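What follows is a short report on a single structure.
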Amino acid sequence: MAQHFLLSPPAISLTMGEVWTLTEDEAHEKLKAIRWPDGIPTCPVCGSKQSWKVGKRKWKCRGKRIDPKTGNERWCYYQYTITTQTHLHSRKRSLKHILAACLSFVNGVLGAAALRQRREIKNSYKTPFVFQHRIRAAIDTANQTEMAAGPFMEGEVEVDGMFVTGRKVKQNNPIMDDKELEKFFEDYRKTHTALVVVRERMAAGCDKPGKVRTIHVDREGDAIPFIRRVVKPGSTVHTDYSTQYLPMRMFFKHQRVNHSKTYKDGDACTNQAESFFARVHAAKEGVYRSWRKRYVSWYGAELAWREENARTANGEQVDLILKALLQIGRSPIAGYWQQHKDRVPF
Ligand SMILES: [Zn+2]
């Protein structure tokens, strides 16, 4: 049997020891290579590559832009650093700490608890809590950008859903009448929401997982518009026997497997989607413990990212996280503890 990827030497390309021995300048160079691959500082406001260096790691834009108030062209003069107007905007910790936090985040294959990171990096609890949400929001934003360019999944795609919120609803046993039954379903509908996964099936002979995306919806059937946005027409979609997925056959080749009889019916199966839910279960019960309903889509984005990059070396995973964090656009989670209502979208 082939060796598990995480047991093999290529799984480790960056260690915590290497990160802590970096100087702040070296950490800055690493981030600079990710944010500006051509090595030229670029203004995040006007996009000009011309600038003056006004500090050790700070630049002032020398380009021109349209003034939004007057509509006239004027000098930009915007001062920026490596993290300005990105998901790391208004950071408090050093770049080396950010690298260490990213490495700690990717090393937890089932998720990284904020309290564990607090002990590793000696932060307050709030720092890793918000930082992790920044990472999840950055992954989510990158996914949205990718989706805006049109569907990108093809071939065999598996779709399945699981309930991720809601507690056991109190019920009298046995249920006596219709009124009680209706009350039971009403309570159930109010509290239970689903995480639906859309997973490209791993191609034969390929050891890298296909694309994985998730969406948080009230009912599994509500995910169909999302599935149409990510899966190319003409692909084959595999689901279970839930009637909520029946409209899918209007848009794709639809194959169903009856889970009360078998897990694989010919070619039809959703085993790879179920395998993703094994990760979700482990993360939910073993690491994060409880998910606030409003953050479920972010946790889903994080775990889908982990599934998709499960066979990527940890140094490359850190680079991918930094690439997501350094995209233009400020994090919706910035100012969380200060309750900046304009920044927190809830
Ligand atoms: Zn500028």
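Following the order of the structure tokens, chains are lettered A, B, ..., residues in each are numbered from 1, and ligands are numbered from 1.
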Which protein, DNA or RNA residues have an atom within 10 Å of ligand 1, counting only C-alpha atoms and all ligand atoms, as a PyMOL selection string? chain A and resi 42-51+60-65+75-80
Got time to write the residues from that selection, N, CA and C atoms, as a short mmCIF file (atom, residue, chain, number, x, y, z; two decimals), in the first residue's frame?
data_model
loop_
_atom_site.label_atom_id
_atom_site.label_comp_id
_atom_site.auth_asym_id
_atom_site.auth_seq_id
_atom_site.Cartn_x
_atom_site.Cartn_y
_atom_site.Cartn_z
N THR A 42 3.69 48.03 -6.14
CA THR A 42 2.59 48.55 -6.95
C THR A 42 1.55 49.18 -6.05
N CYS A 43 1.10 50.39 -6.43
CA CYS A 43 0.14 51.11 -5.59
C CYS A 43 -1.20 50.35 -5.57
N PRO A 44 -1.77 50.08 -4.39
CA PRO A 44 -3.03 49.33 -4.34
C PRO A 44 -4.23 50.18 -4.73
N VAL A 45 -4.03 51.53 -4.84
CA VAL A 45 -5.16 52.40 -5.18
C VAL A 45 -5.23 52.64 -6.69
N CYS A 46 -4.10 53.06 -7.29
CA CYS A 46 -4.15 53.41 -8.73
C CYS A 46 -3.45 52.38 -9.61
N GLY A 47 -2.69 51.47 -8.99
CA GLY A 47 -2.03 50.43 -9.78
C GLY A 47 -0.71 50.87 -10.39
N SER A 48 -0.25 52.08 -10.06
CA SER A 48 1.01 52.56 -10.63
C SER A 48 2.20 51.81 -10.04
N LYS A 49 3.19 51.56 -10.88
CA LYS A 49 4.39 50.87 -10.40
C LYS A 49 5.51 51.86 -10.08
N GLN A 50 5.20 53.15 -10.21
CA GLN A 50 6.22 54.16 -9.92
C GLN A 50 6.02 54.66 -8.49
N SER A 51 7.12 54.69 -7.75
CA SER A 51 6.98 55.10 -6.35
C SER A 51 8.30 55.62 -5.81
N LYS A 60 5.72 55.53 -1.44
CA LYS A 60 4.74 56.57 -1.74
C LYS A 60 4.53 56.61 -3.24
N CYS A 61 3.28 56.55 -3.66
CA CYS A 61 2.96 56.42 -5.08
C CYS A 61 3.31 57.68 -5.86
N ARG A 62 3.87 57.48 -7.06
CA ARG A 62 4.26 58.60 -7.91
C ARG A 62 3.37 58.66 -9.15
N GLY A 63 2.28 57.91 -9.14
CA GLY A 63 1.38 57.87 -10.30
C GLY A 63 0.29 58.94 -10.20
N LYS A 64 -0.61 58.91 -11.17
CA LYS A 64 -1.73 59.86 -11.17
C LYS A 64 -3.03 59.08 -11.15
N ARG A 65 -4.05 59.67 -10.54
CA ARG A 65 -5.35 59.01 -10.55
C ARG A 65 -6.47 60.05 -10.54
N TRP A 75 -2.15 63.95 -8.67
CA TRP A 75 -1.11 63.03 -8.21
C TRP A 75 -1.69 62.11 -7.14
N CYS A 76 -1.27 60.85 -7.13
CA CYS A 76 -1.84 59.88 -6.19
C CYS A 76 -1.27 60.07 -4.78
N TYR A 77 0.07 60.00 -4.67
CA TYR A 77 0.76 60.22 -3.38
C TYR A 77 0.30 59.27 -2.28
N TYR A 78 -0.30 58.16 -2.63
CA TYR A 78 -0.78 57.22 -1.60
C TYR A 78 0.41 56.48 -1.00
N GLN A 79 0.46 56.43 0.34
CA GLN A 79 1.57 55.73 1.00
C GLN A 79 1.12 54.32 1.36
N TYR A 80 1.95 53.35 1.04
CA TYR A 80 1.52 51.96 1.28
C TYR A 80 2.68 51.07 1.71
#
Contact residues around Arg279 in chain A with only C-alpha atoms at 10 Å, ignoring same-chain residues under 5 positions, as number ranges by chain: A: 109-111, 274, 284-285, 303-304, 306-307
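Of the residues listed (A:Met162, A:Val197, A:Asp140, A:Thr312), A:Met162 shows the shortest atom-to-atom separation from His281 in chain A; distances use only C-alpha atoms.
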Find the residues near range 97-101 of chain A: any atom within 8 Å, counting only C-alpha atoms, skip ones fewer than 4 places away on the same chain, and give them as a VMD selection string. chain A and resid 16 19 to 20 27 93 105 117 121 128 318
Using DSSP on the backbone coordinates, identify all residues within range 142-225 of chain A classified as strand (DSSP E or B); present the result as a list of chain:residue names. A:Met153, A:Glu156, A:Val157, A:Glu158, A:Val159, A:Asp160, A:Gly161, A:Met162, A:Phe163, A:Ala194, A:Leu195, A:Val196, A:Val197, A:Val198, A:Arg199, A:Glu200, A:Val212, A:Arg213, A:Thr214, A:Ile215, A:His216, A:Val217
Produce a file of the selected residues containing C-alpha atoms, as a PDB file, in the first residue's frame.
ATOM      1  CA  MET A 153     -15.499  21.956 -12.460  1.00  0.00           C
ATOM      2  CA  GLU A 156     -17.610  13.496 -12.708  1.00  0.00           C
ATOM      3  CA  VAL A 157     -18.797  15.676  -9.826  1.00  0.00           C
ATOM      4  CA  GLU A 158     -20.214  14.475  -6.520  1.00  0.00           C
ATOM      5  CA  VAL A 159     -22.693  16.494  -4.480  1.00  0.00           C
ATOM      6  CA  ASP A 160     -23.884  15.803  -0.956  1.00  0.00           C
ATOM      7  CA  GLY A 161     -25.090  17.696   2.093  1.00  0.00           C
ATOM      8  CA  MET A 162     -24.952  17.353   5.876  1.00  0.00           C
ATOM      9  CA  PHE A 163     -26.638  19.171   8.713  1.00  0.00           C
ATOM     10  CA  ALA A 194     -26.931  22.238   5.652  1.00  0.00           C
ATOM     11  CA  LEU A 195     -23.415  22.410   4.315  1.00  0.00           C
ATOM     12  CA  VAL A 196     -23.443  21.166   0.723  1.00  0.00           C
ATOM     13  CA  VAL A 197     -20.196  20.027  -0.873  1.00  0.00           C
ATOM     14  CA  VAL A 198     -19.495  19.932  -4.602  1.00  0.00           C
ATOM     15  CA  ARG A 199     -16.460  17.780  -5.298  1.00  0.00           C
ATOM     16  CA  GLU A 200     -14.749  16.947  -8.555  1.00  0.00           C
ATOM     17  CA  VAL A 212     -13.805  21.099  -3.687  1.00  0.00           C
ATOM     18  CA  ARG A 213     -16.300  23.877  -2.936  1.00  0.00           C
ATOM     19  CA  THR A 214     -18.978  24.231  -0.269  1.00  0.00           C
ATOM     20  CA  ILE A 215     -22.055  26.332   0.353  1.00  0.00           C
ATOM     21  CA  HIS A 216     -24.127  26.868   3.477  1.00  0.00           C
ATOM     22  CA  VAL A 217     -27.865  26.688   2.719  1.00  0.00           C
TER      23      VAL A 217
END
Could you jot down the CA of Arg219 in chain A to CA of Ile135 in chain A separation for me, Å, one decimal place? 26.7 Å
Test item: residues at most 10 Å from Phe251 in chain A, only C-alpha atoms, excluding those fewer than 4 positions along its chain, as number ranges by chain: A: 224, 227-228, 231-237, 247
So that I can see what lies close to range 257-259 of chain A, please list as JSON, numbers by chain the residues with an atom at most 8 Å from it, counting only C-alpha atoms and leaving out residues fewer than 2 positions away in the same chain. {"A": [238, 239, 240, 241, 255, 261, 262, 263, 264, 265, 268, 269, 270]}
The selected residues should be written to file as a short mmCIF file (atom, residue, chain, number, x, y, z; two decimals), in the first residue's frame (atoms: C-alpha atoms).
data_model
loop_
_atom_site.label_atom_id
_atom_site.label_comp_id
_atom_site.auth_asym_id
_atom_site.auth_seq_id
_atom_site.Cartn_x
_atom_site.Cartn_y
_atom_site.Cartn_z
CA HIS A 238 -23.74 12.22 -8.66
CA THR A 239 -26.10 12.62 -5.69
CA ASP A 240 -27.97 10.45 -3.23
CA TYR A 241 -31.71 9.71 -3.54
CA GLN A 255 -26.76 9.85 -11.50
CA LYS A 261 -29.46 -0.18 -0.36
CA THR A 262 -25.87 0.44 -1.43
CA TYR A 263 -23.01 2.95 -1.39
CA LYS A 264 -22.06 2.37 -5.01
CA ASP A 265 -24.53 1.65 -7.76
CA ALA A 268 -23.00 6.27 -9.28
CA CYS A 269 -21.63 7.05 -5.83
CA THR A 270 -20.95 10.00 -3.54
#
Contacts of His133 in chain A at 9 Å (only C-alpha atoms; same-chain gap of 5+ positions) as a list in words: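 So the residues in contact are Pro128, Ala138, Tyr295, Trp298, Tyr299 and Ile333 of chain A.
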Please identify all polymer residues within 12 Å of Gln144 in chain A, counting only C-alpha atoms, omitting same-chain residues fewer than 3 positions from it, and present them as a list in words. Ala137, Ala138, Ile139, Asp140, Thr141, Met147, Ala148, Ala149, Gly150, Pro151, Arg213, Thr214, Ile215, Phe226, Arg229, Val230, Ala301 and Ala324 of chain A
